[in-house]
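Visitor: My structure file upload_3.cif, mmCIF, C-alpha atoms, is below:
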```
data_structure
#
loop_
_atom_site.group_PDB
_atom_site.id
_atom_site.type_symbol
_atom_site.label_atom_id
_atom_site.label_comp_id
_atom_site.auth_asym_id
_atom_site.auth_seq_id
_atom_site.Cartn_x
_atom_site.Cartn_y
_atom_site.Cartn_z
ATOM 1 C CA MET A 91 -9.751 -13.699 8.289
ATOM 2 C CA LYS A 92 -8.372 -10.210 8.797
ATOM 3 C CA LYS A 93 -8.827 -7.544 6.164
ATOM 4 C CA LEU A 94 -7.319 -4.156 5.415
ATOM 5 C CA TYR A 95 -9.246 -1.213 6.788
ATOM 6 C CA GLY A 96 -8.988 2.490 7.556
ATOM 7 C CA VAL A 97 -5.767 4.298 6.713
ATOM 8 C CA ILE A 98 -3.396 1.699 5.280
ATOM 9 C CA THR A 99 -0.023 3.335 4.821
ATOM 10 C CA ALA A 100 2.071 2.199 1.875
ATOM 11 C CA MET A 101 5.456 2.597 3.506
ATOM 12 C CA THR A 102 8.654 3.828 1.890
ATOM 13 C CA THR A 103 11.885 1.874 2.235
ATOM 14 C CA PRO A 104 14.741 4.025 3.586
ATOM 15 C CA PHE A 105 18.134 3.227 2.120
ATOM 16 C CA THR A 106 21.466 4.321 3.550
ATOM 17 C CA ALA A 107 24.007 6.330 1.562
ATOM 18 C CA ASP A 108 25.869 3.070 0.863
ATOM 19 C CA ASN A 109 22.690 1.431 -0.510
ATOM 20 C CA HIS A 110 21.562 -0.804 2.343
ATOM 21 C CA VAL A 111 18.142 -0.993 3.988
ATOM 22 C CA ASP A 112 18.251 1.438 6.908
ATOM 23 C CA VAL A 113 16.684 -0.729 9.594
ATOM 24 C CA SER A 114 16.728 1.907 12.331
ATOM 25 C CA ALA A 115 15.064 4.461 10.053
ATOM 26 C CA LEU A 116 12.446 1.869 9.092
ATOM 27 C CA GLU A 117 11.745 1.165 12.766
ATOM 28 C CA ALA A 118 11.380 4.899 13.399
ATOM 29 C CA GLN A 119 8.907 5.146 10.500
ATOM 30 C CA VAL A 120 6.818 2.353 12.033
ATOM 31 C CA GLU A 121 6.709 4.179 15.373
ATOM 32 C CA PHE A 122 5.845 7.477 13.705
ATOM 33 C CA LEU A 123 2.916 5.990 11.784
ATOM 34 C CA ILE A 124 1.539 4.037 14.727
ATOM 35 C CA GLY A 125 1.859 7.145 16.881
ATOM 36 C CA LYS A 126 -0.216 9.086 14.356
ATOM 37 C CA GLY A 127 -3.008 6.537 14.543
ATOM 38 C CA VAL A 128 -2.915 4.690 11.224
ATOM 39 C CA GLN A 129 -4.765 1.373 11.238
ATOM 40 C CA CYS A 130 -2.509 -0.698 8.984
ATOM 41 C CA LEU A 131 1.034 -0.813 7.635
ATOM 42 C CA TYR A 132 1.802 -2.002 4.105
ATOM 43 C CA PRO A 133 5.535 -2.271 3.349
ATOM 44 C CA CYS A 134 7.311 -3.521 0.223
ATOM 45 C CA GLY A 135 4.770 -2.203 -2.279
ATOM 46 C CA THR A 136 5.217 0.248 -5.129
ATOM 47 C CA THR A 137 5.952 3.105 -2.707
ATOM 48 C CA GLY A 138 8.478 0.804 -1.050
ATOM 49 C CA GLU A 139 10.462 0.266 -4.284
ATOM 50 C CA MET A 140 9.802 -3.464 -4.126
ATOM 51 C CA TYR A 141 11.168 -4.426 -7.539
ATOM 52 C CA LEU A 142 14.470 -2.716 -6.730
ATOM 53 C CA MET A 143 15.133 -4.952 -3.717
ATOM 54 C CA SER A 144 16.393 -8.511 -3.504
ATOM 55 C CA SER A 145 14.212 -11.169 -1.886
ATOM 56 C CA GLU A 146 16.490 -11.101 1.149
ATOM 57 C CA GLU A 147 16.057 -7.338 1.511
ATOM 58 C CA ARG A 148 12.289 -7.603 1.164
ATOM 59 C CA GLU A 149 12.256 -10.268 3.863
ATOM 60 C CA LEU A 150 14.361 -8.010 6.095
ATOM 61 C CA VAL A 151 11.913 -5.124 5.640
ATOM 62 C CA ALA A 152 8.942 -7.402 6.327
ATOM 63 C CA GLU A 153 10.526 -8.831 9.479
ATOM 64 C CA THR A 154 11.490 -5.380 10.745
ATOM 65 C CA VAL A 155 7.986 -3.942 10.304
ATOM 66 C CA VAL A 156 6.186 -6.947 11.804
ATOM 67 C CA LYS A 157 8.541 -7.109 14.790
ATOM 68 C CA LYS A 158 8.434 -3.364 15.487
ATOM 69 C CA ALA A 159 4.663 -3.154 15.091
ATOM 70 C CA ALA A 160 4.390 -5.971 17.648
ATOM 71 C CA GLY A 161 0.683 -6.521 17.066
ATOM 72 C CA ARG A 162 -0.297 -2.899 17.702
ATOM 73 C CA VAL A 163 -1.654 -2.448 14.172
ATOM 74 C CA THR A 164 -2.461 -4.720 11.266
ATOM 75 C CA VAL A 165 0.482 -5.455 8.966
ATOM 76 C CA PHE A 166 0.048 -6.736 5.428
ATOM 77 C CA ILE A 167 3.184 -7.338 3.372
ATOM 78 C CA HIS A 168 3.238 -6.809 -0.362
ATOM 79 C CA VAL A 169 4.882 -9.919 -1.807
ATOM 80 C CA GLY A 170 4.243 -9.741 -5.555
ATOM 81 C CA ALA A 171 7.389 -10.307 -7.609
ATOM 82 C CA MET A 172 8.413 -10.625 -11.236
ATOM 83 C CA ASP A 173 8.211 -14.411 -11.141
ATOM 84 C CA GLN A 174 5.783 -16.774 -9.448
ATOM 85 C CA ALA A 175 8.369 -18.721 -7.454
ATOM 86 C CA GLU A 176 9.686 -15.572 -5.773
ATOM 87 C CA THR A 177 6.151 -14.384 -5.018
ATOM 88 C CA ILE A 178 5.422 -17.713 -3.312
ATOM 89 C CA ARG A 179 8.673 -17.523 -1.358
ATOM 90 C CA LEU A 180 7.867 -14.032 -0.073
ATOM 91 C CA ALA A 181 4.254 -14.936 0.699
ATOM 92 C CA ARG A 182 5.292 -17.967 2.748
ATOM 93 C CA HIS A 183 7.846 -15.847 4.565
ATOM 94 C CA ALA A 184 5.208 -13.243 5.455
ATOM 95 C CA SER A 185 2.972 -15.955 6.869
ATOM 96 C CA LYS A 186 5.848 -17.496 8.815
ATOM 97 C CA ILE A 187 6.889 -14.226 10.521
ATOM 98 C CA GLY A 188 3.381 -13.428 11.716
ATOM 99 C CA ALA A 189 2.134 -10.854 9.208
ATOM 100 C CA ASP A 190 -1.639 -10.478 9.116
ATOM 101 C CA GLY A 191 -1.835 -11.069 5.364
ATOM 102 C CA VAL A 192 -0.297 -10.220 2.013
ATOM 103 C CA GLY A 193 -0.945 -8.190 -1.083
ATOM 104 C CA VAL A 194 0.033 -9.682 -4.441
ATOM 105 C CA VAL A 195 0.386 -7.478 -7.490
ATOM 106 C CA THR A 196 -0.696 -8.943 -10.805
ATOM 107 C CA PRO A 197 1.953 -10.390 -13.123
ATOM 108 C CA SER A 198 3.863 -7.462 -14.595
ATOM 109 C CA TYR A 199 5.300 -6.381 -17.941
ATOM 110 C CA PHE A 200 4.303 -9.526 -19.857
ATOM 111 C CA GLY A 201 0.668 -9.738 -20.828
ATOM 112 C CA VAL A 202 -1.353 -12.581 -19.290
ATOM 113 C CA ASP A 203 -4.855 -13.771 -20.136
ATOM 114 C CA GLU A 204 -7.613 -14.678 -17.707
ATOM 115 C CA ARG A 205 -6.577 -18.324 -17.428
ATOM 116 C CA ALA A 206 -3.020 -17.361 -16.509
ATOM 117 C CA MET A 207 -4.220 -14.708 -14.050
ATOM 118 C CA VAL A 208 -6.452 -17.133 -12.151
ATOM 119 C CA SER A 209 -3.735 -19.813 -12.232
ATOM 120 C CA TYR A 210 -1.211 -17.372 -10.753
ATOM 121 C CA TYR A 211 -3.332 -16.458 -7.750
ATOM 122 C CA LYS A 212 -4.343 -20.080 -7.209
ATOM 123 C CA ALA A 213 -0.685 -21.113 -7.057
ATOM 124 C CA VAL A 214 0.113 -18.398 -4.524
ATOM 125 C CA CYS A 215 -2.934 -19.143 -2.380
ATOM 126 C CA ASP A 216 -2.364 -22.897 -2.493
ATOM 127 C CA SER A 217 1.114 -22.314 -1.030
ATOM 128 C CA LEU A 218 -0.347 -20.601 2.044
ATOM 129 C CA PRO A 219 -2.554 -21.631 4.963
ATOM 130 C CA GLN A 220 -6.137 -21.417 3.758
ATOM 131 C CA ASP A 221 -7.036 -18.931 6.499
ATOM 132 C CA PHE A 222 -4.199 -16.544 5.571
ATOM 133 C CA PRO A 223 -5.667 -13.433 3.856
ATOM 134 C CA VAL A 224 -4.564 -12.378 0.382
ATOM 135 C CA TYR A 225 -5.403 -9.183 -1.497
ATOM 136 C CA VAL A 226 -5.134 -8.995 -5.264
ATOM 137 C CA TYR A 227 -3.233 -5.808 -6.133
ATOM 138 C CA VAL A 228 -4.382 -4.264 -9.410
ATOM 139 C CA ILE A 229 -2.359 -1.365 -10.824
ATOM 140 C CA PRO A 230 -2.670 -1.645 -14.615
ATOM 141 C CA GLN A 231 -0.927 1.653 -15.371
ATOM 142 C CA LEU A 232 2.320 0.196 -13.999
ATOM 143 C CA ALA A 233 1.930 -3.585 -14.082
ATOM 144 C CA HIS A 234 0.461 -3.643 -17.627
ATOM 145 C CA ASN A 235 -2.193 -6.256 -16.700
ATOM 146 C CA ASP A 236 -5.704 -5.411 -15.527
ATOM 147 C CA VAL A 237 -8.248 -7.593 -13.718
ATOM 148 C CA THR A 238 -11.879 -7.121 -14.705
ATOM 149 C CA ALA A 239 -14.656 -7.666 -12.194
ATOM 150 C CA ALA A 240 -15.592 -10.873 -14.044
ATOM 151 C CA THR A 241 -12.041 -12.206 -13.716
ATOM 152 C CA MET A 242 -11.964 -11.161 -10.075
ATOM 153 C CA GLU A 243 -15.095 -13.261 -9.519
ATOM 154 C CA LYS A 244 -13.228 -16.263 -10.899
ATOM 155 C CA ILE A 245 -10.201 -15.580 -8.708
ATOM 156 C CA ALA A 246 -12.440 -15.207 -5.644
ATOM 157 C CA ALA A 247 -14.274 -18.445 -6.459
ATOM 158 C CA THR A 248 -11.011 -20.334 -6.969
ATOM 159 C CA CYS A 249 -9.028 -18.830 -4.068
ATOM 160 C CA LYS A 250 -11.011 -18.831 -0.833
ATOM 161 C CA ASN A 251 -8.379 -16.849 1.051
ATOM 162 C CA VAL A 252 -8.465 -13.974 -1.452
ATOM 163 C CA VAL A 253 -10.417 -11.567 0.739
ATOM 164 C CA GLY A 254 -10.287 -8.473 -1.430
ATOM 165 C CA VAL A 255 -8.573 -6.180 -3.894
ATOM 166 C CA LYS A 256 -6.261 -3.211 -3.648
ATOM 167 C CA TYR A 257 -7.193 -1.193 -6.720
ATOM 168 C CA SER A 258 -4.742 1.562 -7.605
ATOM 169 C CA PHE A 259 -6.474 3.133 -10.567
ATOM 170 C CA ALA A 260 -8.866 6.077 -10.230
ATOM 171 C CA ASP A 261 -11.993 4.429 -11.640
ATOM 172 C CA MET A 262 -15.031 4.592 -9.365
ATOM 173 C CA ARG A 263 -17.081 2.451 -11.758
ATOM 174 C CA ARG A 264 -14.623 -0.408 -11.393
ATOM 175 C CA ILE A 265 -14.505 0.082 -7.633
ATOM 176 C CA ASN A 266 -18.280 -0.330 -7.488
ATOM 177 C CA GLU A 267 -18.065 -3.450 -9.665
ATOM 178 C CA TYR A 268 -15.463 -4.973 -7.337
ATOM 179 C CA LEU A 269 -17.743 -4.285 -4.361
ATOM 180 C CA LEU A 270 -20.250 -6.752 -5.884
ATOM 181 C CA VAL A 271 -17.741 -9.620 -6.128
ATOM 182 C CA ARG A 272 -18.635 -12.702 -4.077
ATOM 183 C CA GLY A 273 -22.117 -11.338 -3.505
ATOM 184 C CA GLY A 274 -20.747 -8.214 -1.851
ATOM 185 C CA ASN A 275 -18.599 -10.148 0.635
ATOM 186 C CA PHE A 276 -15.383 -8.772 -0.815
ATOM 187 C CA SER A 277 -13.077 -6.130 0.621
ATOM 188 C CA VAL A 278 -12.108 -3.253 -1.658
ATOM 189 C CA VAL A 279 -9.440 -0.676 -0.832
ATOM 190 C CA PRO A 280 -8.466 1.963 -3.414
ATOM 191 C CA GLY A 281 -4.913 3.133 -3.907
ATOM 192 C CA ALA A 282 -5.935 6.615 -5.069
ATOM 193 C CA ASP A 283 -5.499 8.864 -2.033
ATOM 194 C CA ASP A 284 -7.869 11.507 -3.356
ATOM 195 C CA LEU A 285 -10.728 8.987 -3.614
ATOM 196 C CA PHE A 286 -10.628 7.959 0.054
ATOM 197 C CA LEU A 287 -13.897 9.551 1.163
ATOM 198 C CA PRO A 288 -15.898 8.734 -1.999
ATOM 199 C CA ALA A 289 -14.689 5.150 -1.737
ATOM 200 C CA LEU A 290 -15.711 4.900 1.927
ATOM 201 C CA VAL A 291 -19.172 6.207 1.103
ATOM 202 C CA CYS A 292 -19.500 3.562 -1.631
ATOM 203 C CA GLY A 293 -18.621 0.793 0.836
ATOM 204 C CA CYS A 294 -14.859 0.389 0.613
ATOM 205 C CA ASP A 295 -12.948 -0.520 3.761
ATOM 206 C CA GLY A 296 -10.146 2.036 3.586
ATOM 207 C CA VAL A 297 -7.390 3.449 1.408
ATOM 208 C CA VAL A 298 -3.870 2.214 0.688
ATOM 209 C CA SER A 299 -2.115 5.555 0.689
ATOM 210 C CA GLY A 300 1.489 6.424 -0.041
ATOM 211 C CA CYS A 301 0.757 10.063 0.775
ATOM 212 C CA SER A 302 -0.330 9.052 4.285
ATOM 213 C CA GLY A 303 3.285 8.114 5.006
ATOM 214 C CA PRO A 304 4.516 11.713 5.290
ATOM 215 C CA PHE A 305 1.127 13.105 6.376
ATOM 216 C CA PRO A 306 -0.873 10.392 8.175
ATOM 217 C CA GLU A 307 -2.952 12.942 10.106
ATOM 218 C CA ALA A 308 -4.605 14.259 6.939
ATOM 219 C CA PHE A 309 -6.012 10.834 6.135
ATOM 220 C CA GLU A 310 -6.835 9.885 9.705
ATOM 221 C CA ASN A 311 -8.933 13.057 9.884
ATOM 222 C CA ILE A 312 -11.017 11.812 6.951
ATOM 223 C CA TYR A 313 -11.469 8.356 8.445
ATOM 224 C CA GLN A 314 -12.355 9.466 11.950
ATOM 225 C CA ALA A 315 -14.833 12.062 10.666
ATOM 226 C CA TYR A 316 -16.443 9.416 8.464
ATOM 227 C CA LEU A 317 -16.698 6.937 11.342
ATOM 228 C CA SER A 318 -18.360 9.595 13.497
ATOM 229 C CA GLY A 319 -20.943 10.226 10.794
ATOM 230 C CA ASP A 320 -19.837 13.820 10.222
ATOM 231 C CA LEU A 321 -19.705 13.795 6.432
ATOM 232 C CA ASN A 322 -19.275 17.549 6.153
ATOM 233 C CA ARG A 323 -16.144 17.424 8.317
ATOM 234 C CA ALA A 324 -14.982 14.371 6.360
ATOM 235 C CA ARG A 325 -15.501 16.250 3.080
ATOM 236 C CA MET A 326 -13.419 19.186 4.316
ATOM 237 C CA ALA A 327 -10.731 16.790 5.530
ATOM 238 C CA GLN A 328 -10.658 15.129 2.107
ATOM 239 C CA GLN A 329 -10.213 18.518 0.446
ATOM 240 C CA LYS A 330 -7.240 19.197 2.728
ATOM 241 C CA ALA A 331 -5.743 15.784 1.994
ATOM 242 C CA THR A 332 -6.223 16.308 -1.731
ATOM 243 C CA GLU A 333 -4.248 19.565 -1.469
ATOM 244 C CA LEU A 334 -1.404 17.585 0.069
ATOM 245 C CA VAL A 335 -1.631 14.939 -2.642
ATOM 246 C CA LYS A 336 -1.113 17.671 -5.236
ATOM 247 C CA VAL A 337 1.798 19.108 -3.260
ATOM 248 C CA MET A 338 3.415 15.689 -3.221
ATOM 249 C CA LYS A 339 2.931 15.321 -6.995
ATOM 250 C CA PHE A 340 0.699 12.278 -6.793
ATOM 251 C CA GLY A 341 2.031 9.382 -8.864
ATOM 252 C CA GLY A 342 5.486 10.922 -9.026
ATOM 253 C CA ASP A 343 8.772 10.837 -7.188
ATOM 254 C CA MET A 344 8.854 8.811 -3.943
ATOM 255 C CA SER A 345 11.884 10.833 -2.904
ATOM 256 C CA ILE A 346 9.365 13.573 -2.082
ATOM 257 C CA PHE A 347 7.801 11.292 0.527
ATOM 258 C CA LYS A 348 11.201 10.495 2.009
ATOM 259 C CA ASN A 349 12.223 14.148 2.178
ATOM 260 C CA ILE A 350 8.999 15.149 3.935
ATOM 261 C CA LEU A 351 9.494 12.356 6.473
ATOM 262 C CA THR A 352 12.960 13.748 7.159
ATOM 263 C CA LEU A 353 11.488 17.235 7.599
ATOM 264 C CA ARG A 354 9.127 15.721 10.148
ATOM 265 C CA GLY A 355 11.971 14.227 12.153
ATOM 266 C CA VAL A 356 11.939 10.693 10.721
ATOM 267 C CA THR A 357 14.909 9.754 8.546
ATOM 268 C CA GLY A 358 13.453 9.179 5.093
ATOM 269 C CA GLY A 359 16.675 7.849 3.636
ATOM 270 C CA HIS A 360 17.823 7.620 0.045
ATOM 271 C CA MET A 361 16.282 6.238 -3.125
ATOM 272 C CA ARG A 362 17.619 3.149 -4.848
ATOM 273 C CA LYS A 363 18.995 3.680 -8.339
ATOM 274 C CA PRO A 364 17.952 4.059 -11.062
ATOM 275 C CA LEU A 365 15.604 6.254 -8.961
ATOM 276 C CA LEU A 366 17.337 9.408 -7.762
ATOM 277 C CA ASP A 367 17.189 11.591 -4.670
ATOM 278 C CA LEU A 368 15.926 15.122 -5.092
ATOM 279 C CA THR A 369 18.566 17.714 -5.891
ATOM 280 C CA SER A 370 19.456 20.264 -3.225
ATOM 281 C CA GLU A 371 17.477 22.870 -5.160
ATOM 282 C CA GLN A 372 14.428 20.583 -5.356
ATOM 283 C CA THR A 373 14.702 19.792 -1.652
ATOM 284 C CA ALA A 374 14.801 23.484 -0.756
ATOM 285 C CA GLU A 375 11.750 24.183 -2.933
ATOM 286 C CA LEU A 376 9.875 21.221 -1.419
ATOM 287 C CA LYS A 377 10.636 22.437 2.103
ATOM 288 C CA LYS A 378 9.270 25.874 1.260
ATOM 289 C CA THR A 379 6.117 24.342 -0.225
ATOM 290 C CA VAL A 380 5.287 21.895 2.569
ATOM 291 C CA THR A 381 6.299 24.028 5.578
ATOM 292 C CA PRO A 382 2.774 25.506 5.901
ATOM 293 C CA TYR A 383 1.425 21.962 6.312
ATOM 294 C CA LEU A 384 3.926 20.842 8.946
#
```
Will you turn the file into structure tokens for me?

Guide:
Amino acid sequence: MKKLYGVITAMTTPFTADNHVDVSALEAQVEFLIGKGVQCLYPCGTTGEMYLMSSEERELVAETVVKKAAGRVTVFIHVGAMDQAETIRLARHASKIGADGVGVVTPSYFGVDERAMVSYYKAVCDSLPQDFPVYVYVIPQLAHNDVTAATMEKIAATCKNVVGVKYSFADMRRINEYLLVRGGNFSVVPGADDLFLPALVCGCDGVVSGCSGPFPEAFENIYQAYLSGDLNRARMAQQKATELVKVMKFGGDMSIFKNILTLRGVTGGHMRKPLLDLTSEQTAELKKTVTPYL
């Protein structure tokens, strides 16, 4: 089964001024990222404003990315939703359209115990072909629910097509614990852009990076230097990428990502309310700040 690896870009979703998915802008984003050498595309996640879209819109985004990528890179679709039935619907759709796999965020807002967590992933996995890869997506600071390494072992034992975890919390101890799941035969990809190189050195397969959307080169430089065995060059590349993460206010406003894409010649589009676009003053300040990096 395929797994996520290298620079996995958590894509933004461009919306038009009248609040529709901008399909042409999304296609242009796919071409931009593939042209810059990223290994994988990951639409409809947190960076993609997934909870602000209808199921039909999420399916449209998934279909657009898979079709435009046309097998040139790996495409995993994030399909986690606020209820189990919708998650299963989106997961089945991703499998049907030819995606390489899916990510599934933990149940959100309402607290769930270990029994419910394992049951949730079993239900999703049982609805899919048993050779279709699934990543558990753990982001406790937003989703409210965490998954310990012990619980992950139970999920992995129960769900054979769970191949790994996308872990979006900056905890290297937990990352190392996840790397021991299933006797070490478990893929781990962090969601903290500034931990890319340390995570690779520890044995992770890549990084799921929202910041690599506007600046894919910065993260590709880390990965290629690491693959070549030049850790000093990789360390310097990570320092450069970390500068960019700070510029983009890591963990903050996704409108920053969209505005930088527009500055780079790819229509970033609008945010979906209640999220807001940057003001004209904020956009001007952002342009001044990022111009040295363009």

Visitor: Starting from the shown file, work through the PyMOL selection byres ((chain A and resi 132) around 6) and note down what comes out as a PyMOL selection string.

Guide: chain A and resi 99-101+131+133+166-167

Visitor: For the provided coordinates, the residues matched by the PyMOL selection byres ((chain A and resi 276) around 6) should be stated as a PDB file with C-alpha atoms, in the coordinates of the input.

Guide:
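What landed in selection.pdb:
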```pdb
ATOM      1  CA  VAL A 253     -10.417 -11.567   0.739  1.00  0.00           C
ATOM      2  CA  GLY A 254     -10.287  -8.473  -1.430  1.00  0.00           C
ATOM      3  CA  VAL A 271     -17.741  -9.620  -6.128  1.00  0.00           C
ATOM      4  CA  GLY A 274     -20.747  -8.214  -1.851  1.00  0.00           C
ATOM      5  CA  ASN A 275     -18.599 -10.148   0.635  1.00  0.00           C
ATOM      6  CA  SER A 277     -13.077  -6.130   0.621  1.00  0.00           C
TER       7      SER A 277
END
```

Visitor: When the PyMOL selection byres ((chain A and resi 337-353) around 9) is applied to the file above, which residues end up in the set, as number ranges by chain?

Guide: A: 102-104, 119, 137-139, 282-283, 300-301, 303-305, 332-336, 354-361, 365-368, 373, 376-377, 379-381, 384

Visitor: Put a box with edges along x, y and z around all the listed atoms of segment 205-216 of chain A, pad it by 6 Å on each side, then give me its centre and sizes in Å, one decimal, as AutoDock Vina command-line options.

Guide:
```
--center_x -3.2 --center_y -18.8 --center_z -9.9 --size_x 18.7 --size_y 20.2 --size_z 27.0
```

Visitor: Just how far from atom CA of Glu149 of chain A is atom CA of Val252 of chain A, in Å to one decimal?

Guide: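 These atoms are spaced 21.7 Å apart.
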
Visitor: How many Å lie between atom CA of Ala308 of chain A and atom CA of Gln328 of chain A, rounded to one decimal?

Guide: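 Separation between atom CA of Ala308 of chain A and atom CA of Gln328 of chain A: 7.8 Å.
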
Visitor: Report the distance between atom CA of Ala324 of chain A and atom CA of Thr136 of chain A in Å, rounded to one decimal place.

Guide: 27.2 Å

Visitor: For Cys215 of chain A, which of A:Ile312, A:Leu290, A:Ala246, A:Ile98 is the closest residue, counting all atoms listed in the file?

Guide: A:Ala246

Visitor: Counting all atoms listed in the file, which residue out of A:Leu317, A:Leu116, A:Ala206, A:Leu287 sits closest to Glu153 of chain A?

Guide: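 That would be A:Leu116, the residue with the smallest distance to Glu153 of chain A.
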
Visitor: Within 6 Å of (-1.7, -7.5, 9.9) (file coordinates; only C-alpha atoms), which protein or nucleic acid residues are there? I'd like them as a PyMOL selection string.

Guide: chain A and resi 164-166+189-191

Visitor: Which one is closest to Val113 of chain A: A:Val97, A:Thr369, A:Val151, A:Ser145? Count all atoms listed in the file.

Guide: A:Val151

Visitor: Could you pull the residues within 9 Å of Ala240 of chain A, counting only C-alpha atoms, minus those fewer than 4 positions along the same chain, as a list in words?

Guide: Lys244, Ile245, Glu267, Tyr268 and Val271 of chain A

Visitor: Dig up all the protein and nucleic acid residues within 10 Å of (10.0, -8.7, -0.6) in the file frame, using only C-alpha atoms, and format them as JSON, numbers by chain.

Guide: {"A": [133, 134, 135, 138, 139, 140, 141, 142, 143, 144, 145, 146, 147, 148, 149, 150, 151, 152, 167, 168, 169, 170, 171, 176, 177, 179, 180, 181, 183, 184]}

Visitor: Restricting the calculation to all atoms listed in the file, which member of A:Asp295, A:Glu121, A:Asp216, A:Asp284 is positioned closest to Arg182 of chain A?

Guide: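 Closest to Arg182 of chain A, using all atoms listed in the file: A:Asp216.
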
Visitor: Taking only C-alpha atoms, show segment 232-278 of chain A of the given structure as a compact mmCIF listing (two decimals), in the first residue's frame.

Guide:
```
# COMPACT_ATOMS: atom_id res chain seq x y z
CA LEU A 232 -7.92 21.84 17.20
CA ALA A 233 -9.87 18.58 17.22
CA HIS A 234 -9.93 18.31 21.05
CA ASN A 235 -9.19 14.54 21.00
CA ASP A 236 -5.71 13.05 21.20
CA VAL A 237 -4.51 9.54 20.31
CA THR A 238 -1.84 8.05 22.55
CA ALA A 239 0.70 5.62 21.17
CA ALA A 240 -1.06 2.81 23.06
CA THR A 241 -4.39 3.68 21.42
CA MET A 242 -2.68 3.94 18.05
CA GLU A 243 -1.40 0.39 18.54
CA LYS A 244 -4.99 -0.75 19.01
CA ILE A 245 -6.15 1.13 15.92
CA ALA A 246 -3.29 -0.35 13.88
CA ALA A 247 -4.08 -3.86 15.13
CA THR A 248 -7.78 -3.47 14.35
CA CYS A 249 -7.46 -1.63 11.01
CA LYS A 250 -4.96 -3.30 8.70
CA ASN A 251 -5.16 -0.54 6.10
CA VAL A 252 -4.21 2.17 8.62
CA VAL A 253 -0.65 2.64 7.39
CA GLY A 254 0.38 5.59 9.53
CA VAL A 255 -0.33 8.83 11.33
CA LYS A 256 -0.24 12.49 10.43
CA TYR A 257 0.67 14.12 13.73
CA SER A 258 0.17 17.88 13.82
CA PHE A 259 1.45 18.68 17.28
CA ALA A 260 5.06 19.65 17.97
CA ASP A 261 5.98 16.80 20.32
CA MET A 262 9.06 14.83 19.29
CA ARG A 263 8.58 12.36 22.14
CA ARG A 264 5.19 11.37 20.78
CA ILE A 265 6.58 11.19 17.25
CA ASN A 266 9.20 8.70 18.44
CA GLU A 267 6.52 6.67 20.24
CA TYR A 268 4.42 6.51 17.06
CA LEU A 269 7.47 5.27 15.13
CA LEU A 270 7.41 2.13 17.32
CA VAL A 271 3.78 1.26 16.51
CA ARG A 272 3.29 -2.08 14.75
CA GLY A 273 6.87 -3.04 15.53
CA GLY A 274 8.20 -0.02 13.66
CA ASN A 275 6.25 -0.80 10.48
CA PHE A 276 4.20 2.37 10.75
CA SER A 277 4.49 5.56 8.73
CA VAL A 278 4.73 8.82 10.65
```
